[in-house]
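For reference, data.cif is printed below; it contains mmCIF, C-alpha atoms.
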```cif
data_input
#
loop_
_atom_site.label_atom_id
_atom_site.label_comp_id
_atom_site.auth_asym_id
_atom_site.auth_seq_id
_atom_site.Cartn_x
_atom_site.Cartn_y
_atom_site.Cartn_z
CA MET J 1 -74.30 35.76 -31.35
CA ALA J 2 -74.20 39.38 -30.23
CA THR J 3 -76.48 40.65 -27.51
CA SER J 4 -78.00 43.19 -29.88
CA GLU J 5 -79.26 40.36 -32.08
CA ILE J 6 -81.21 38.95 -29.15
CA TYR J 7 -82.45 42.20 -27.66
CA GLU J 8 -83.26 44.75 -30.34
CA THR J 9 -84.86 47.00 -27.71
CA THR J 10 -85.05 46.84 -23.95
CA PHE J 11 -88.28 45.32 -22.73
CA ASP J 12 -89.67 43.12 -20.01
CA GLU J 13 -89.58 39.52 -21.19
CA ASP J 14 -92.73 38.61 -19.31
CA VAL J 15 -94.85 41.37 -20.90
CA GLN J 16 -95.73 41.47 -24.58
CA THR J 17 -94.80 44.64 -26.41
CA GLU J 18 -95.88 45.94 -29.79
CA SER J 19 -93.45 46.80 -32.56
CA SER J 20 -94.82 49.47 -34.90
CA ALA J 21 -91.70 49.43 -37.09
CA ASN J 22 -92.27 45.86 -38.28
CA GLN J 23 -95.26 44.45 -40.07
CA CYS J 24 -96.27 40.92 -40.92
CA PRO J 25 -94.76 39.90 -44.29
CA GLU J 26 -97.88 37.90 -45.12
CA CYS J 27 -100.82 40.11 -44.18
CA ASP J 28 -99.20 43.40 -43.05
CA GLY J 29 -100.82 42.82 -39.66
CA ARG J 30 -99.67 43.87 -36.22
CA VAL J 31 -96.60 42.10 -34.86
CA THR J 32 -95.97 41.46 -31.15
CA THR J 33 -92.85 40.14 -29.43
CA ASN J 34 -92.53 38.29 -26.13
CA ALA J 35 -89.79 36.28 -24.45
CA VAL J 36 -90.34 33.29 -26.72
CA GLU J 37 -91.28 34.41 -30.22
CA THR J 38 -92.33 37.19 -32.58
CA VAL J 39 -95.83 36.50 -33.95
CA CYS J 40 -98.48 38.23 -36.02
CA GLU J 41 -101.68 38.78 -34.06
CA ASP J 42 -103.86 38.78 -37.19
CA CYS J 43 -102.83 35.65 -39.07
CA GLY J 44 -100.76 33.88 -36.36
CA LEU J 45 -97.56 33.65 -38.41
CA VAL J 46 -94.44 33.04 -36.27
CA ILE J 47 -91.88 35.45 -37.71
CA ASP J 48 -88.99 34.86 -35.30
CA GLU J 49 -88.35 32.49 -32.40
CA GLN J 50 -86.07 32.95 -29.41
CA ARG J 51 -84.59 29.52 -28.64
CA ILE J 52 -82.63 30.62 -25.57
CA ASP J 53 -84.55 30.30 -22.32
CA HIS J 54 -83.67 33.27 -20.12
CA GLY J 55 -85.94 32.15 -17.32
CA PRO J 56 -84.78 30.91 -13.91
CA GLU J 57 -83.11 27.51 -13.58
CA TRP J 58 -85.17 26.60 -10.52
CA ARG J 59 -88.76 25.78 -9.84
CA ALA J 60 -90.58 27.55 -7.03
CA TYR J 61 -93.83 26.50 -5.41
CA ASP J 62 -93.77 29.63 -3.24
CA ASP J 63 -91.58 32.69 -2.75
CA GLU J 64 -89.46 31.15 0.01
CA GLU J 65 -88.67 27.65 -1.30
CA ARG J 66 -86.82 27.16 -4.56
CA GLU J 67 -85.74 23.80 -5.90
CA ARG J 68 -83.36 23.22 -8.75
CA THR J 69 -84.69 20.89 -11.40
CA GLY J 70 -82.92 17.63 -12.15
CA ALA J 71 -80.25 15.70 -10.29
CA PRO J 72 -76.80 17.30 -9.84
CA LEU J 73 -73.79 16.16 -11.81
CA THR J 74 -71.85 13.39 -10.10
CA ALA J 75 -68.47 11.78 -10.66
CA ALA J 76 -69.90 8.39 -9.72
CA ARG J 77 -71.40 7.93 -13.20
CA HIS J 78 -69.47 7.57 -16.42
CA ASP J 79 -71.68 10.22 -18.08
CA ARG J 80 -71.78 12.49 -14.99
CA GLY J 81 -75.40 11.48 -14.38
CA LEU J 82 -76.81 12.78 -17.69
CA SER J 83 -77.99 9.42 -19.02
CA THR J 84 -81.52 8.76 -20.22
CA GLU J 85 -83.72 6.23 -18.46
CA ILE J 86 -86.60 4.57 -20.31
CA GLY J 87 -89.48 3.25 -18.22
CA HIS J 88 -91.06 -0.18 -18.35
CA GLY J 89 -94.74 -0.82 -17.78
CA THR J 90 -96.37 2.52 -16.94
CA ASP J 91 -96.46 6.04 -18.31
CA ALA J 92 -95.77 9.31 -16.48
CA HIS J 93 -99.21 9.22 -14.82
CA GLY J 94 -98.83 5.64 -13.56
CA ASN J 95 -101.21 4.14 -16.13
CA GLU J 96 -100.40 0.74 -17.59
CA LEU J 97 -99.21 0.67 -21.18
CA SER J 98 -100.60 -1.50 -23.90
CA GLY J 99 -98.70 -4.50 -25.20
CA GLN J 100 -97.70 -2.71 -28.39
CA LYS J 101 -96.23 0.24 -26.48
CA ARG J 102 -94.41 -2.07 -24.05
CA ARG J 103 -92.78 -3.88 -26.97
CA ARG J 104 -91.83 -0.54 -28.49
CA LEU J 105 -90.24 0.59 -25.22
CA ALA J 106 -88.36 -2.71 -24.97
CA ARG J 107 -86.86 -2.10 -28.42
CA MET J 108 -85.97 1.47 -27.44
CA ARG J 109 -84.27 0.28 -24.25
CA ARG J 110 -82.30 -2.30 -26.19
CA GLU J 111 -81.07 0.23 -28.73
CA GLN J 112 -80.35 2.75 -25.99
CA THR J 113 -78.23 0.17 -24.15
CA ARG J 114 -76.31 -0.65 -27.32
CA GLY J 115 -75.53 2.98 -28.03
CA ARG J 116 -74.78 4.05 -24.45
CA TRP J 117 -71.00 3.72 -24.77
CA ARG J 118 -69.09 5.36 -27.57
CA SER J 119 -65.90 3.36 -27.00
CA LYS J 120 -64.51 0.42 -25.08
CA ALA J 121 -62.76 2.80 -22.67
CA GLU J 122 -66.10 4.38 -21.77
CA ARG J 123 -67.61 0.94 -21.23
CA ASN J 124 -64.74 -0.01 -18.92
CA LEU J 125 -65.20 3.26 -17.06
CA ALA J 126 -68.90 2.54 -16.54
CA HIS J 127 -68.11 -0.97 -15.27
CA GLY J 128 -65.39 0.28 -12.93
CA LEU J 129 -67.48 3.09 -11.46
CA GLY J 130 -70.31 0.63 -10.90
CA GLU J 131 -67.92 -1.61 -8.96
CA VAL J 132 -66.75 1.37 -6.86
CA ARG J 133 -70.36 2.29 -6.05
CA ARG J 134 -71.10 -1.31 -5.09
CA LEU J 135 -68.13 -1.50 -2.74
CA ALA J 136 -68.95 1.86 -1.17
CA SER J 137 -72.48 0.67 -0.50
CA ALA J 138 -71.35 -2.70 0.89
CA LEU J 139 -68.80 -1.02 3.20
CA GLU J 140 -71.31 1.69 4.22
CA LEU J 141 -69.04 4.56 3.19
CA SER J 142 -70.13 8.16 2.81
CA GLU J 143 -70.98 9.79 -0.52
CA SER J 144 -67.91 12.02 -0.24
CA ILE J 145 -65.55 9.04 -0.06
CA ARG J 146 -67.48 7.31 -2.83
CA ASP J 147 -67.13 10.30 -5.17
CA GLN J 148 -63.42 10.66 -4.34
CA ALA J 149 -62.89 6.97 -5.08
CA CYS J 150 -64.69 7.35 -8.42
CA GLN J 151 -62.49 10.30 -9.29
CA LEU J 152 -59.41 8.27 -8.35
CA PHE J 153 -60.57 5.49 -10.68
CA ARG J 154 -60.96 8.06 -13.48
CA SER J 155 -57.41 9.26 -12.85
CA ALA J 156 -56.13 5.69 -12.98
CA GLN J 157 -57.81 5.14 -16.34
CA SER J 158 -56.52 8.42 -17.76
CA GLU J 159 -52.98 7.40 -16.74
CA ASP J 160 -53.47 4.05 -18.52
CA LEU J 161 -53.11 2.03 -15.31
CA LEU J 162 -55.95 -0.36 -16.20
CA ARG J 163 -53.97 -2.06 -18.95
CA GLY J 164 -53.20 -5.63 -17.91
CA ARG J 165 -54.99 -5.26 -14.58
CA SER J 166 -58.41 -6.25 -13.32
CA ILE J 167 -61.04 -3.50 -13.29
CA GLU J 168 -62.43 -4.91 -10.03
CA ALA J 169 -58.96 -4.78 -8.45
CA ILE J 170 -58.45 -1.12 -9.46
CA GLY J 171 -61.92 -0.29 -8.12
CA ALA J 172 -61.18 -1.93 -4.77
CA ALA J 173 -57.78 -0.24 -4.62
CA SER J 174 -59.46 3.13 -5.31
CA ILE J 175 -61.77 2.59 -2.35
CA TYR J 176 -58.90 1.61 -0.05
CA GLY J 177 -56.64 4.43 -1.25
CA THR J 178 -59.36 7.03 -0.70
CA CYS J 179 -59.98 5.73 2.82
CA ARG J 180 -56.24 5.89 3.55
CA CYS J 181 -56.07 9.49 2.32
CA ASN J 182 -59.02 10.44 4.53
CA GLN J 183 -57.70 8.59 7.61
CA HIS J 184 -60.75 6.32 7.54
CA PRO J 185 -60.19 3.21 9.72
CA LEU J 186 -60.74 0.65 6.99
CA LEU J 187 -58.58 -2.45 6.72
CA LEU J 188 -57.48 -3.93 3.44
CA GLU J 189 -59.09 -7.21 4.49
CA ASP J 190 -62.46 -5.46 4.73
CA VAL J 191 -62.18 -4.27 1.13
CA VAL J 192 -61.02 -7.68 -0.08
CA ASP J 193 -63.95 -9.42 1.63
CA ALA J 194 -66.40 -7.15 -0.21
CA ALA J 195 -64.51 -7.28 -3.52
CA ARG J 196 -64.64 -10.03 -6.11
CA VAL J 197 -60.87 -10.47 -6.55
CA GLU J 198 -57.99 -11.95 -4.60
CA SER J 199 -56.10 -10.08 -1.92
CA THR J 200 -52.84 -10.08 -3.90
CA ARG J 201 -54.46 -8.33 -6.87
CA VAL J 202 -55.94 -5.61 -4.68
CA THR J 203 -52.60 -5.13 -2.91
CA ASN J 204 -50.69 -4.86 -6.18
CA ALA J 205 -53.29 -2.48 -7.62
CA TYR J 206 -53.06 -0.21 -4.56
CA ARG J 207 -49.27 -0.17 -4.75
CA THR J 208 -49.52 0.85 -8.40
CA LEU J 209 -51.96 3.66 -7.64
CA ASN J 210 -49.84 4.85 -4.74
CA ARG J 211 -46.65 4.85 -6.81
CA GLU J 212 -47.95 6.24 -10.11
CA LEU J 213 -50.46 8.78 -8.78
CA GLU J 214 -48.49 9.68 -5.64
CA LEU J 215 -51.43 9.42 -3.27
CA PRO J 216 -51.24 11.70 -0.21
CA ALA J 217 -51.84 8.77 2.14
CA PRO J 218 -50.40 9.41 5.61
CA PRO J 219 -49.56 6.50 7.93
CA MET J 220 -52.54 5.11 9.78
CA ARG J 221 -52.71 5.94 13.48
CA PRO J 222 -53.90 3.60 16.25
CA THR J 223 -56.30 6.28 17.51
CA SER J 224 -58.25 5.94 14.23
CA PHE J 225 -59.04 2.28 15.00
CA VAL J 226 -60.06 2.70 18.63
CA PRO J 227 -63.65 3.96 17.97
CA ARG J 228 -64.21 1.12 15.51
CA LEU J 229 -63.12 -1.52 18.03
CA ILE J 230 -65.16 0.03 20.84
CA SER J 231 -68.25 -0.01 18.63
CA ALA J 232 -67.66 -3.59 17.46
CA LEU J 233 -67.12 -4.85 21.01
CA GLU J 234 -69.97 -2.73 22.45
CA LEU J 235 -67.86 -1.27 25.24
CA ASP J 236 -68.73 1.83 27.26
CA HIS J 237 -67.48 5.40 27.00
CA ASP J 238 -64.98 5.16 29.89
CA ILE J 239 -63.10 2.33 28.19
CA ARG J 240 -63.04 4.31 24.94
CA ARG J 241 -61.63 7.39 26.66
CA HIS J 242 -58.90 5.40 28.43
CA ALA J 243 -58.04 3.47 25.26
CA ASN J 244 -57.66 6.77 23.39
CA GLU J 245 -55.29 8.01 26.06
CA LEU J 246 -53.18 4.86 25.78
CA ALA J 247 -53.14 5.11 21.97
CA GLU J 248 -52.05 8.76 22.08
CA ARG J 249 -49.26 7.88 24.51
CA ALA J 250 -48.13 5.09 22.18
CA GLU J 251 -48.11 7.44 19.19
CA GLY J 252 -45.84 9.82 21.08
CA THR J 253 -43.18 7.12 21.41
CA ALA J 254 -41.37 4.76 19.05
CA LEU J 255 -43.76 1.93 19.91
CA THR J 256 -45.84 2.33 16.76
CA ASN J 257 -42.85 2.34 14.39
CA GLY J 258 -43.13 -0.69 12.16
CA CYS J 259 -46.16 -2.04 14.01
CA GLN J 260 -49.61 -2.66 12.63
CA PRO J 261 -51.81 0.21 13.92
CA SER J 262 -54.82 -2.05 14.38
CA GLY J 263 -52.72 -4.32 16.62
CA VAL J 264 -51.65 -1.38 18.79
CA ALA J 265 -55.27 -0.19 18.99
CA ALA J 266 -56.40 -3.69 20.00
CA ALA J 267 -53.83 -3.79 22.79
CA CYS J 268 -54.95 -0.34 24.01
CA VAL J 269 -58.59 -1.43 24.07
CA TYR J 270 -57.76 -4.66 25.87
CA LEU J 271 -55.70 -2.89 28.54
CA ALA J 272 -58.38 -0.24 29.03
CA ALA J 273 -61.06 -2.91 29.35
CA GLN J 274 -58.99 -4.81 31.94
CA GLU J 275 -58.41 -1.69 34.03
CA GLN J 276 -62.14 -0.88 33.94
CA GLY J 277 -63.05 -4.43 35.00
CA ALA J 278 -64.73 -5.46 31.76
CA LEU J 279 -64.94 -9.21 31.13
CA ILE J 280 -63.47 -9.61 27.65
CA THR J 281 -60.97 -12.09 26.25
CA GLN J 282 -57.88 -11.52 24.15
CA SER J 283 -59.25 -13.63 21.30
CA THR J 284 -62.42 -11.51 21.12
CA VAL J 285 -60.47 -8.25 20.83
CA ALA J 286 -57.98 -9.76 18.37
CA SER J 287 -60.81 -11.09 16.20
CA ALA J 288 -62.49 -7.66 16.10
CA ALA J 289 -59.20 -6.02 15.10
CA GLU J 290 -58.39 -8.83 12.63
CA VAL J 291 -54.98 -9.48 14.20
CA SER J 292 -53.53 -12.52 15.90
CA VAL J 293 -53.60 -13.08 19.65
CA VAL J 294 -49.79 -13.19 19.64
CA THR J 295 -49.68 -9.68 18.13
CA LEU J 296 -52.11 -8.40 20.74
CA ARG J 297 -50.06 -9.85 23.62
CA SER J 298 -46.82 -8.44 22.21
CA ARG J 299 -48.26 -4.94 21.87
CA ARG J 300 -49.81 -5.23 25.36
CA ASP J 301 -46.46 -6.09 26.93
CA GLU J 302 -44.83 -3.15 25.15
CA LEU J 303 -47.55 -0.80 26.38
CA GLN J 304 -47.17 -2.00 29.95
CA ALA J 305 -43.40 -1.47 29.74
CA MET J 306 -43.73 2.19 28.69
#
```
In structure tokens, what does this structure look like?
Amino acid sequence: MATSEIYETTFDEDVQTESSANQCPECDGRVTTNAVETVCEDCGLVIDEQRIDHGPEWRAYDDEERERTGAPLTAARHDRGLSTEIGHGTDAHGNELSGQKRRRLARMRREQTRGRWRSKAERNLAHGLGEVRRLASALELSESIRDQACQLFRSAQSEDLLRGRSIEAIGAASIYGTCRCNQHPLLLEDVVDAARVESTRVTNAYRTLNRELELPAPPMRPTSFVPRLISALELDHDIRRHANELAERAEGTALTNGCQPSGVAAACVYLAAQEQGALITQSTVASAAEVSVVTLRSRRDELQAM
């Protein structure tokens, strides 16, 4: 539609203007035009209607504060957050509905649920994104990581990586892969504990995502796990600072090559706690890092030999 078809003449949309060239086709009365419609003032006939709303997209309670209406689009929903929600027992004013209206709403909700997904792929996407949101909430991850994980799950489905694999496993692998790409100190065991699938399925799903999608996941560093261990063990700031120094020294050498980063971080925290005089056992630190005591002692001996 051309602009000239919308605006025949220039006028303020908020102020009604008279058009002397046009007359009402019914009563030859006076015709006025505003931002919404063209109407006859004598008989009330609506001659033309402007269906495009040119008003602002925000709502403003005063001149300084403006709020956009509606929730923003999100990648965490299969429909980008544009779904319709039907209420249950009350109306918009909080008043209780009658039994007939409640039964009518129940039928509407049932039909709306049946017609929500247009295909099986869209239904699988909704189920997978729901699993990603559940894991992100259980692991207390940020909204940014949650949205990135949802987008990674969408990419996996578009590349047909869900065929023959568990949706829950791909969802857990999306969470773990996103955390690896963002250098978030999250262990695979943490994701498996919150997921509803076996560890081998999550591991295989992550390897598939990493190989097929070429995830930019750098190697994990021991310094990323030090704050997590300090917080879990409730140690003070001096131990954290010294443990970071030990971890940075270890990263500058070949000590971390082929070693589990959480094990190196556990050894750094244990050595820093010993030097600061903190009473903590090897088993406590190893349990917090989810490594064995033998691994902790081996990394400790290597750190002391540097």
So what does the PyMOL selection byres ((chain J and resi 253-262) around 12) actually pick up in this one, as a PDB file with C-alpha atoms, keeping the file's coordinate frame?
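Okay, part_36.pdb is ready:
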```pdb
ATOM      1  CA  PRO J 185     -60.190   3.210   9.720  1.00  0.00           C
ATOM      2  CA  LEU J 186     -60.740   0.650   6.990  1.00  0.00           C
ATOM      3  CA  LEU J 187     -58.580  -2.450   6.720  1.00  0.00           C
ATOM      4  CA  LEU J 188     -57.480  -3.930   3.440  1.00  0.00           C
ATOM      5  CA  GLU J 189     -59.090  -7.210   4.490  1.00  0.00           C
ATOM      6  CA  PRO J 219     -49.560   6.500   7.930  1.00  0.00           C
ATOM      7  CA  MET J 220     -52.540   5.110   9.780  1.00  0.00           C
ATOM      8  CA  ARG J 221     -52.710   5.940  13.480  1.00  0.00           C
ATOM      9  CA  PRO J 222     -53.900   3.600  16.250  1.00  0.00           C
ATOM     10  CA  THR J 223     -56.300   6.280  17.510  1.00  0.00           C
ATOM     11  CA  SER J 224     -58.250   5.940  14.230  1.00  0.00           C
ATOM     12  CA  PHE J 225     -59.040   2.280  15.000  1.00  0.00           C
ATOM     13  CA  VAL J 226     -60.060   2.700  18.630  1.00  0.00           C
ATOM     14  CA  PRO J 227     -63.650   3.960  17.970  1.00  0.00           C
ATOM     15  CA  ARG J 228     -64.210   1.120  15.510  1.00  0.00           C
ATOM     16  CA  LEU J 229     -63.120  -1.520  18.030  1.00  0.00           C
ATOM     17  CA  LEU J 246     -53.180   4.860  25.780  1.00  0.00           C
ATOM     18  CA  ALA J 247     -53.140   5.110  21.970  1.00  0.00           C
ATOM     19  CA  GLU J 248     -52.050   8.760  22.080  1.00  0.00           C
ATOM     20  CA  ARG J 249     -49.260   7.880  24.510  1.00  0.00           C
ATOM     21  CA  ALA J 250     -48.130   5.090  22.180  1.00  0.00           C
ATOM     22  CA  GLU J 251     -48.110   7.440  19.190  1.00  0.00           C
ATOM     23  CA  GLY J 252     -45.840   9.820  21.080  1.00  0.00           C
ATOM     24  CA  GLY J 263     -52.720  -4.320  16.620  1.00  0.00           C
ATOM     25  CA  VAL J 264     -51.650  -1.380  18.790  1.00  0.00           C
ATOM     26  CA  ALA J 265     -55.270  -0.190  18.990  1.00  0.00           C
ATOM     27  CA  ALA J 266     -56.400  -3.690  20.000  1.00  0.00           C
ATOM     28  CA  ALA J 267     -53.830  -3.790  22.790  1.00  0.00           C
ATOM     29  CA  CYS J 268     -54.950  -0.340  24.010  1.00  0.00           C
ATOM     30  CA  VAL J 269     -58.590  -1.430  24.070  1.00  0.00           C
ATOM     31  CA  VAL J 285     -60.470  -8.250  20.830  1.00  0.00           C
ATOM     32  CA  ALA J 286     -57.980  -9.760  18.370  1.00  0.00           C
ATOM     33  CA  SER J 287     -60.810 -11.090  16.200  1.00  0.00           C
ATOM     34  CA  ALA J 288     -62.490  -7.660  16.100  1.00  0.00           C
ATOM     35  CA  ALA J 289     -59.200  -6.020  15.100  1.00  0.00           C
ATOM     36  CA  GLU J 290     -58.390  -8.830  12.630  1.00  0.00           C
ATOM     37  CA  VAL J 291     -54.980  -9.480  14.200  1.00  0.00           C
ATOM     38  CA  SER J 292     -53.530 -12.520  15.900  1.00  0.00           C
ATOM     39  CA  THR J 295     -49.680  -9.680  18.130  1.00  0.00           C
ATOM     40  CA  LEU J 296     -52.110  -8.400  20.740  1.00  0.00           C
ATOM     41  CA  SER J 298     -46.820  -8.440  22.210  1.00  0.00           C
ATOM     42  CA  ARG J 299     -48.260  -4.940  21.870  1.00  0.00           C
ATOM     43  CA  ARG J 300     -49.810  -5.230  25.360  1.00  0.00           C
ATOM     44  CA  ASP J 301     -46.460  -6.090  26.930  1.00  0.00           C
ATOM     45  CA  GLU J 302     -44.830  -3.150  25.150  1.00  0.00           C
ATOM     46  CA  LEU J 303     -47.550  -0.800  26.380  1.00  0.00           C
ATOM     47  CA  GLN J 304     -47.170  -2.000  29.950  1.00  0.00           C
ATOM     48  CA  ALA J 305     -43.400  -1.470  29.740  1.00  0.00           C
ATOM     49  CA  MET J 306     -43.730   2.190  28.690  1.00  0.00           C
TER      50      MET J 306
END
```
*Compile the contact shell of Arg146 (chain J) as a ChimeraX atom specification: residues with an atom at most 12 Å away, counting all atoms listed in the file, same-chain residues fewer than 6 positions apart removed.*
/J:74-77,129-140,152-153,171-172,174-179,182
*What is the CA of Val202 (chain J) to CA of Leu233 (chain J) distance in Å?*
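Taking CA of Val202 (chain J) and CA of Leu233 (chain J), their separation equals 28.0 Å.
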*Which one of J:Asp160, J:Asn210, J:Ala106, J:Lys101 sits closest to Ala121 (chain J) if you count only C-alpha atoms?*
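Going through J:Asp160, J:Asn210, J:Ala106, J:Lys101 one by one, the smallest distance to Ala121 (chain J) is for J:Asp160.
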_If I take CA of Cys181 (chain J) and CA of Val197 (chain J), how far is one from the other in Å, to one decimal?_
22.4 Å
_the PyMOL selection byres ((chain J and resi 217) around 6) resolved against shown file, as a list of chain:residue names_ =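 Applying the expression gives J:Arg180, J:Cys181, J:Leu215, J:Pro216, J:Pro218.
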Since we have the selection now, will you write its residues out, keeping C-alpha atoms, as an mmCIF file, in the frame of the given file?
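As written to disk, out-v5.cif reads:
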```cif
data_model
loop_
_atom_site.group_PDB
_atom_site.id
_atom_site.type_symbol
_atom_site.label_atom_id
_atom_site.label_comp_id
_atom_site.auth_asym_id
_atom_site.auth_seq_id
_atom_site.Cartn_x
_atom_site.Cartn_y
_atom_site.Cartn_z
ATOM 1 C CA ARG J 180 -56.240 5.890 3.550
ATOM 2 C CA CYS J 181 -56.070 9.490 2.320
ATOM 3 C CA LEU J 215 -51.430 9.420 -3.270
ATOM 4 C CA PRO J 216 -51.240 11.700 -0.210
ATOM 5 C CA PRO J 218 -50.400 9.410 5.610
#
```
_I'd like the contact shell of His88 (chain J) - 10 Å cut-off, all atoms listed in the file, skipping same-chain residues fewer than 5 positions apart - returned as a list in words._
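Here the answer would be Glu96, Leu97, Lys101, Arg102, Arg103, Leu105, Ala106 and Arg109 of chain J.
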Could you please take those selected residues and save C-alpha atoms as a compact mmCIF listing (two decimals), keeping the file's coordinate frame?
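Written file, out_2.txt:
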```
# COMPACT_ATOMS: atom_id res chain seq x y z
CA GLU J 96 -100.40 0.74 -17.59
CA LEU J 97 -99.21 0.67 -21.18
CA LYS J 101 -96.23 0.24 -26.48
CA ARG J 102 -94.41 -2.07 -24.05
CA ARG J 103 -92.78 -3.88 -26.97
CA LEU J 105 -90.24 0.59 -25.22
CA ALA J 106 -88.36 -2.71 -24.97
CA ARG J 109 -84.27 0.28 -24.25
```
